[in-house]
>>> print(open('run30.cif').read())   # mmCIF, C-alpha atoms
data_final
loop_
_atom_site.group_PDB
_atom_site.id
_atom_site.type_symbol
_atom_site.label_atom_id
_atom_site.label_comp_id
_atom_site.auth_asym_id
_atom_site.auth_seq_id
_atom_site.Cartn_x
_atom_site.Cartn_y
_atom_site.Cartn_z
ATOM 1 C CA MET A 1 54.534 98.365 181.666
ATOM 2 C CA ASP A 2 53.229 95.290 183.438
ATOM 3 C CA CYS A 3 52.489 93.171 180.355
ATOM 4 C CA ILE A 4 53.210 89.478 180.857
ATOM 5 C CA PHE A 5 54.031 88.966 177.159
ATOM 6 C CA CYS A 6 56.455 91.918 177.159
ATOM 7 C CA LYS A 7 58.172 90.291 180.148
ATOM 8 C CA ILE A 8 58.433 87.018 178.201
ATOM 9 C CA VAL A 9 59.905 88.896 175.210
ATOM 10 C CA LYS A 10 62.491 90.553 177.506
ATOM 11 C CA GLY A 11 63.392 87.191 179.075
ATOM 12 C CA GLU A 12 62.101 88.251 182.489
ATOM 13 C CA LEU A 13 59.621 85.352 182.523
ATOM 14 C CA PRO A 14 60.235 81.857 181.152
ATOM 15 C CA SER A 15 58.493 80.368 178.144
ATOM 16 C CA LYS A 16 58.799 77.208 176.107
ATOM 17 C CA LYS A 17 59.828 78.822 172.823
ATOM 18 C CA VAL A 18 58.973 77.329 169.455
ATOM 19 C CA TYR A 19 60.225 80.173 167.236
ATOM 20 C CA GLU A 20 61.901 83.542 167.623
ATOM 21 C CA ASP A 21 63.227 86.247 165.341
ATOM 22 C CA GLU A 22 63.750 90.000 165.683
ATOM 23 C CA HIS A 23 60.027 90.783 165.270
ATOM 24 C CA ALA A 24 58.113 87.785 166.622
ATOM 25 C CA LEU A 25 58.056 85.133 169.290
ATOM 26 C CA ALA A 26 56.107 81.860 169.396
ATOM 27 C CA PHE A 27 55.787 79.786 172.549
ATOM 28 C CA HIS A 28 53.610 77.059 174.041
ATOM 29 C CA ASP A 29 50.475 78.205 175.876
ATOM 30 C CA ILE A 30 50.635 77.416 179.595
ATOM 31 C CA ASN A 31 46.999 76.233 179.531
ATOM 32 C CA PRO A 32 46.727 74.295 176.259
ATOM 33 C CA ILE A 33 43.316 73.270 174.965
ATOM 34 C CA ALA A 34 44.721 70.894 172.327
ATOM 35 C CA PRO A 35 47.913 68.881 171.777
ATOM 36 C CA VAL A 36 49.296 71.852 169.826
ATOM 37 C CA HIS A 37 48.541 75.244 171.360
ATOM 38 C CA VAL A 38 51.107 77.924 170.647
ATOM 39 C CA LEU A 39 50.932 81.690 170.996
ATOM 40 C CA VAL A 40 52.480 83.842 168.277
ATOM 41 C CA ILE A 41 53.118 87.431 169.327
ATOM 42 C CA PRO A 42 54.822 90.506 167.966
ATOM 43 C CA LYS A 43 57.751 91.620 170.098
ATOM 44 C CA LYS A 44 56.389 95.138 169.758
ATOM 45 C CA HIS A 45 53.627 95.839 172.254
ATOM 46 C CA ILE A 46 50.305 96.261 170.430
ATOM 47 C CA LEU A 47 47.190 96.014 172.600
ATOM 48 C CA SER A 48 44.874 94.220 170.171
ATOM 49 C CA VAL A 49 43.716 93.937 166.562
ATOM 50 C CA LEU A 50 41.974 97.282 167.036
ATOM 51 C CA ASP A 51 45.285 98.976 167.825
ATOM 52 C CA ILE A 52 47.217 97.904 164.713
ATOM 53 C CA LYS A 53 48.461 100.941 162.827
ATOM 54 C CA GLU A 54 48.906 101.310 159.062
ATOM 55 C CA GLU A 55 52.697 101.288 159.454
ATOM 56 C CA GLU A 56 52.505 97.899 161.222
ATOM 57 C CA LYS A 57 50.946 96.035 158.278
ATOM 58 C CA ASN A 58 54.289 94.431 157.350
ATOM 59 C CA LEU A 59 54.675 93.204 160.934
ATOM 60 C CA ILE A 60 51.198 91.648 160.820
ATOM 61 C CA GLY A 61 52.008 89.924 157.527
ATOM 62 C CA HIS A 62 55.225 88.650 159.087
ATOM 63 C CA LEU A 63 53.254 87.169 161.999
ATOM 64 C CA HIS A 64 51.159 85.203 159.503
ATOM 65 C CA LEU A 65 54.325 83.818 157.914
ATOM 66 C CA VAL A 66 55.492 82.831 161.400
ATOM 67 C CA LEU A 67 52.182 81.016 161.900
ATOM 68 C CA GLN A 68 52.954 79.013 158.741
ATOM 69 C CA LYS A 69 56.471 78.139 159.960
ATOM 70 C CA VAL A 70 55.226 77.090 163.392
ATOM 71 C CA ALA A 71 52.426 74.950 161.908
ATOM 72 C CA LYS A 72 54.980 73.132 159.742
ATOM 73 C CA GLU A 73 57.459 72.779 162.614
ATOM 74 C CA LEU A 74 54.793 71.245 164.862
ATOM 75 C CA GLY A 75 53.383 68.996 162.142
ATOM 76 C CA VAL A 76 49.871 70.393 161.856
ATOM 77 C CA ASP A 77 50.248 72.080 158.469
ATOM 78 C CA GLN A 78 48.769 69.091 156.607
ATOM 79 C CA SER A 79 46.064 68.035 159.070
ATOM 80 C CA GLY A 80 44.867 71.571 159.789
ATOM 81 C CA PHE A 81 44.746 73.987 162.669
ATOM 82 C CA ARG A 82 42.881 77.020 163.931
ATOM 83 C CA VAL A 83 44.212 80.557 164.412
ATOM 84 C CA VAL A 84 42.330 82.657 166.968
ATOM 85 C CA THR A 85 42.789 86.245 168.110
ATOM 86 C CA ASN A 86 40.687 87.357 171.044
ATOM 87 C CA THR A 87 39.833 91.059 171.143
ATOM 88 C CA GLY A 88 38.346 92.923 174.086
ATOM 89 C CA PRO A 89 36.375 91.697 177.092
ATOM 90 C CA HIS A 90 33.534 90.046 175.137
ATOM 91 C CA GLY A 91 36.117 88.389 172.896
ATOM 92 C CA GLN A 92 37.705 86.883 176.038
ATOM 93 C CA GLN A 93 41.000 88.766 175.650
ATOM 94 C CA THR A 94 42.815 88.342 178.962
ATOM 95 C CA VAL A 95 46.307 89.518 177.996
ATOM 96 C CA PHE A 96 46.230 92.906 176.309
ATOM 97 C CA HIS A 97 49.120 92.304 173.922
ATOM 98 C CA LEU A 98 48.193 91.206 170.411
ATOM 99 C CA HIS A 99 48.575 87.444 170.118
ATOM 100 C CA TYR A 100 47.452 84.613 167.896
ATOM 101 C CA HIS A 101 46.554 81.167 169.252
ATOM 102 C CA LEU A 102 47.624 78.393 166.876
ATOM 103 C CA ILE A 103 45.586 75.367 167.934
ATOM 104 C CA GLY A 104 45.675 71.871 166.429
ATOM 105 C CA GLY A 105 46.837 68.299 166.766
ATOM 106 C CA ARG A 106 43.326 66.856 167.017
ATOM 107 C CA GLN A 107 39.926 67.228 165.375
ATOM 108 C CA LEU A 108 38.602 70.567 166.584
ATOM 109 C CA GLN A 109 34.928 71.269 167.247
ATOM 110 C CA TRP A 110 33.167 74.559 166.622
ATOM 111 C CA THR A 111 32.001 76.110 169.885
ATOM 112 C CA MET A 112 29.945 79.216 170.425
#
>>> encode(input="run30.cif", output="C-alpha cells")
Amino acid sequence: MDCIFCKIVKGELPSKKVYEDEHALAFHDINPIAPVHVLVIPKKHILSVLDIKEEEKNLIGHLHLVLQKVAKELGVDQSGFRVVTNTGPHGQQTVFHLHYHLIGGRQLQWTM
C-alpha cells in the first residue's frame, strides 16, 4: 500500500506528532491554513467516511475523543475550532485515508 498516512503511522515518514495511542495519531499538517492545523487519523487504514464499517464505530468515537484532547492540548478548546473531513474528489480529498482536520487559533471564516 502506498498510503502516505500509513507510512507516517509506521514511522517510515516523519511527522510532528501531537498525540498518539494504539488506535490514533495526531500530527501537524504540513500545509497549515491556520495557526493550529492538526490531522487526526486512525492507525487502521480506512479510505474515507464512506468506508467506515459498523464494527469501527468505537474507533470513530475514539477519534472524536482524541479531537477533544488535541484541542485542549493546543489551547483552542475554549476559543473554538473547526473539524473537517474531506470525502471524495468533489470534497477535495487528496489523501485516501480517513482523516480529520482540526483547525483553529484564529477567527475562521466560512468559505464555499
>>> closest_residue(input="run30.cif", among="A:Arg106, A:Lys69, A:His64, A:His97", to="A:Phe81", atoms="only C-alpha atoms")
A:Arg106
>>> closest_residue(input="run30.cif", among="A:Val36, A:Lys43, A:Gln78, A:Gly104", to="A:Ile8", atoms="all atoms listed in the file")
A:Lys43
>>> atom_distance(input="run30.cif", atom1="atom CA of A:His62", atom2="atom CA of A:Leu108")
25.7 Å
>>> closest_residue(input="run30.cif", among="A:Leu47, A:Tyr100, A:His90, A:His37", to="A:Ala24", atoms="all atoms listed in the file")
A:Tyr100
>>> axis_aligned_box(input="run30.cif", around="stretch 106-109 of chain A", padding_each_side="4 Å", output="JSON")
{"center_x": 39.1, "center_y": 69.1, "center_z": 166.3, "size_x": 16.4, "size_y": 12.4, "size_z": 9.9}
>>> decode(input="run30.cif", residues="stretch 30-95 of chain A", atoms="C-alpha atoms", output="mmCIF file, in the first residue's frame")
data_model
loop_
_atom_site.group_PDB
_atom_site.id
_atom_site.type_symbol
_atom_site.label_atom_id
_atom_site.label_comp_id
_atom_site.auth_asym_id
_atom_site.auth_seq_id
_atom_site.Cartn_x
_atom_site.Cartn_y
_atom_site.Cartn_z
ATOM 1 C CA ILE A 30 2.495 20.232 6.543
ATOM 2 C CA ASN A 31 0.473 22.974 4.807
ATOM 3 C CA PRO A 32 -1.396 24.676 7.661
ATOM 4 C CA ILE A 33 -4.184 27.123 6.883
ATOM 5 C CA ALA A 34 -4.393 28.453 10.456
ATOM 6 C CA PRO A 35 -2.103 28.714 13.493
ATOM 7 C CA VAL A 36 -3.494 25.363 14.667
ATOM 8 C CA HIS A 37 -3.951 22.785 11.915
ATOM 9 C CA VAL A 38 -3.624 19.189 13.026
ATOM 10 C CA LEU A 39 -4.653 15.960 11.336
ATOM 11 C CA VAL A 40 -6.222 13.223 13.448
ATOM 12 C CA ILE A 41 -6.182 9.800 11.814
ATOM 13 C CA PRO A 42 -6.985 6.231 12.725
ATOM 14 C CA LYS A 43 -3.949 3.967 12.583
ATOM 15 C CA LYS A 44 -6.149 1.484 10.754
ATOM 16 C CA HIS A 45 -6.396 2.262 7.055
ATOM 17 C CA ILE A 46 -9.943 3.367 6.195
ATOM 18 C CA LEU A 47 -10.353 5.133 2.849
ATOM 19 C CA SER A 48 -12.993 7.699 3.815
ATOM 20 C CA VAL A 49 -16.178 8.339 5.787
ATOM 21 C CA LEU A 50 -17.998 6.221 3.209
ATOM 22 C CA ASP A 51 -15.837 3.210 4.050
ATOM 23 C CA ILE A 52 -16.440 3.122 7.817
ATOM 24 C CA LYS A 53 -17.896 -0.220 8.839
ATOM 25 C CA GLU A 54 -20.359 -0.911 11.660
ATOM 26 C CA GLU A 55 -17.636 -2.649 13.683
ATOM 27 C CA GLU A 56 -15.478 0.506 13.508
ATOM 28 C CA LYS A 57 -17.969 2.758 15.323
ATOM 29 C CA ASN A 58 -15.972 2.572 18.577
ATOM 30 C CA LEU A 59 -12.835 3.624 16.691
ATOM 31 C CA ILE A 60 -14.675 6.620 15.219
ATOM 32 C CA GLY A 61 -15.928 7.625 18.667
ATOM 33 C CA HIS A 62 -12.371 7.310 19.955
ATOM 34 C CA LEU A 63 -11.145 9.661 17.212
ATOM 35 C CA HIS A 64 -13.636 12.273 18.419
ATOM 36 C CA LEU A 65 -12.283 11.948 21.959
ATOM 37 C CA VAL A 66 -8.786 12.419 20.531
ATOM 38 C CA LEU A 67 -10.008 15.591 18.814
ATOM 39 C CA GLN A 68 -11.107 16.866 22.244
ATOM 40 C CA LYS A 69 -7.718 16.043 23.813
ATOM 41 C CA VAL A 70 -5.794 17.695 20.985
ATOM 42 C CA ALA A 71 -7.977 20.832 21.107
ATOM 43 C CA LYS A 72 -7.288 21.152 24.841
ATOM 44 C CA GLU A 73 -3.572 20.423 24.420
ATOM 45 C CA LEU A 74 -3.243 23.119 21.747
ATOM 46 C CA GLY A 75 -5.361 25.650 23.630
ATOM 47 C CA VAL A 76 -8.254 26.048 21.213
ATOM 48 C CA ASP A 77 -10.903 24.241 23.257
ATOM 49 C CA GLN A 78 -12.238 27.494 24.748
ATOM 50 C CA SER A 79 -11.930 29.795 21.730
ATOM 51 C CA GLY A 80 -13.287 27.263 19.240
ATOM 52 C CA PHE A 81 -12.094 25.307 16.257
ATOM 53 C CA ARG A 82 -13.345 23.555 13.154
ATOM 54 C CA VAL A 83 -13.241 19.830 12.363
ATOM 55 C CA VAL A 84 -13.311 18.963 8.657
ATOM 56 C CA THR A 85 -13.321 15.629 6.850
ATOM 57 C CA ASN A 86 -12.963 15.752 3.091
ATOM 58 C CA THR A 87 -14.584 12.888 1.192
ATOM 59 C CA GLY A 88 -14.056 12.061 -2.466
ATOM 60 C CA PRO A 89 -12.842 14.191 -5.367
ATOM 61 C CA HIS A 90 -15.532 16.896 -5.109
ATOM 62 C CA GLY A 91 -14.927 17.057 -1.360
ATOM 63 C CA GLN A 92 -11.241 17.775 -2.105
ATOM 64 C CA GLN A 93 -9.970 14.554 -0.501
ATOM 65 C CA THR A 94 -6.352 14.218 -1.613
ATOM 66 C CA VAL A 95 -5.142 11.506 0.773
#
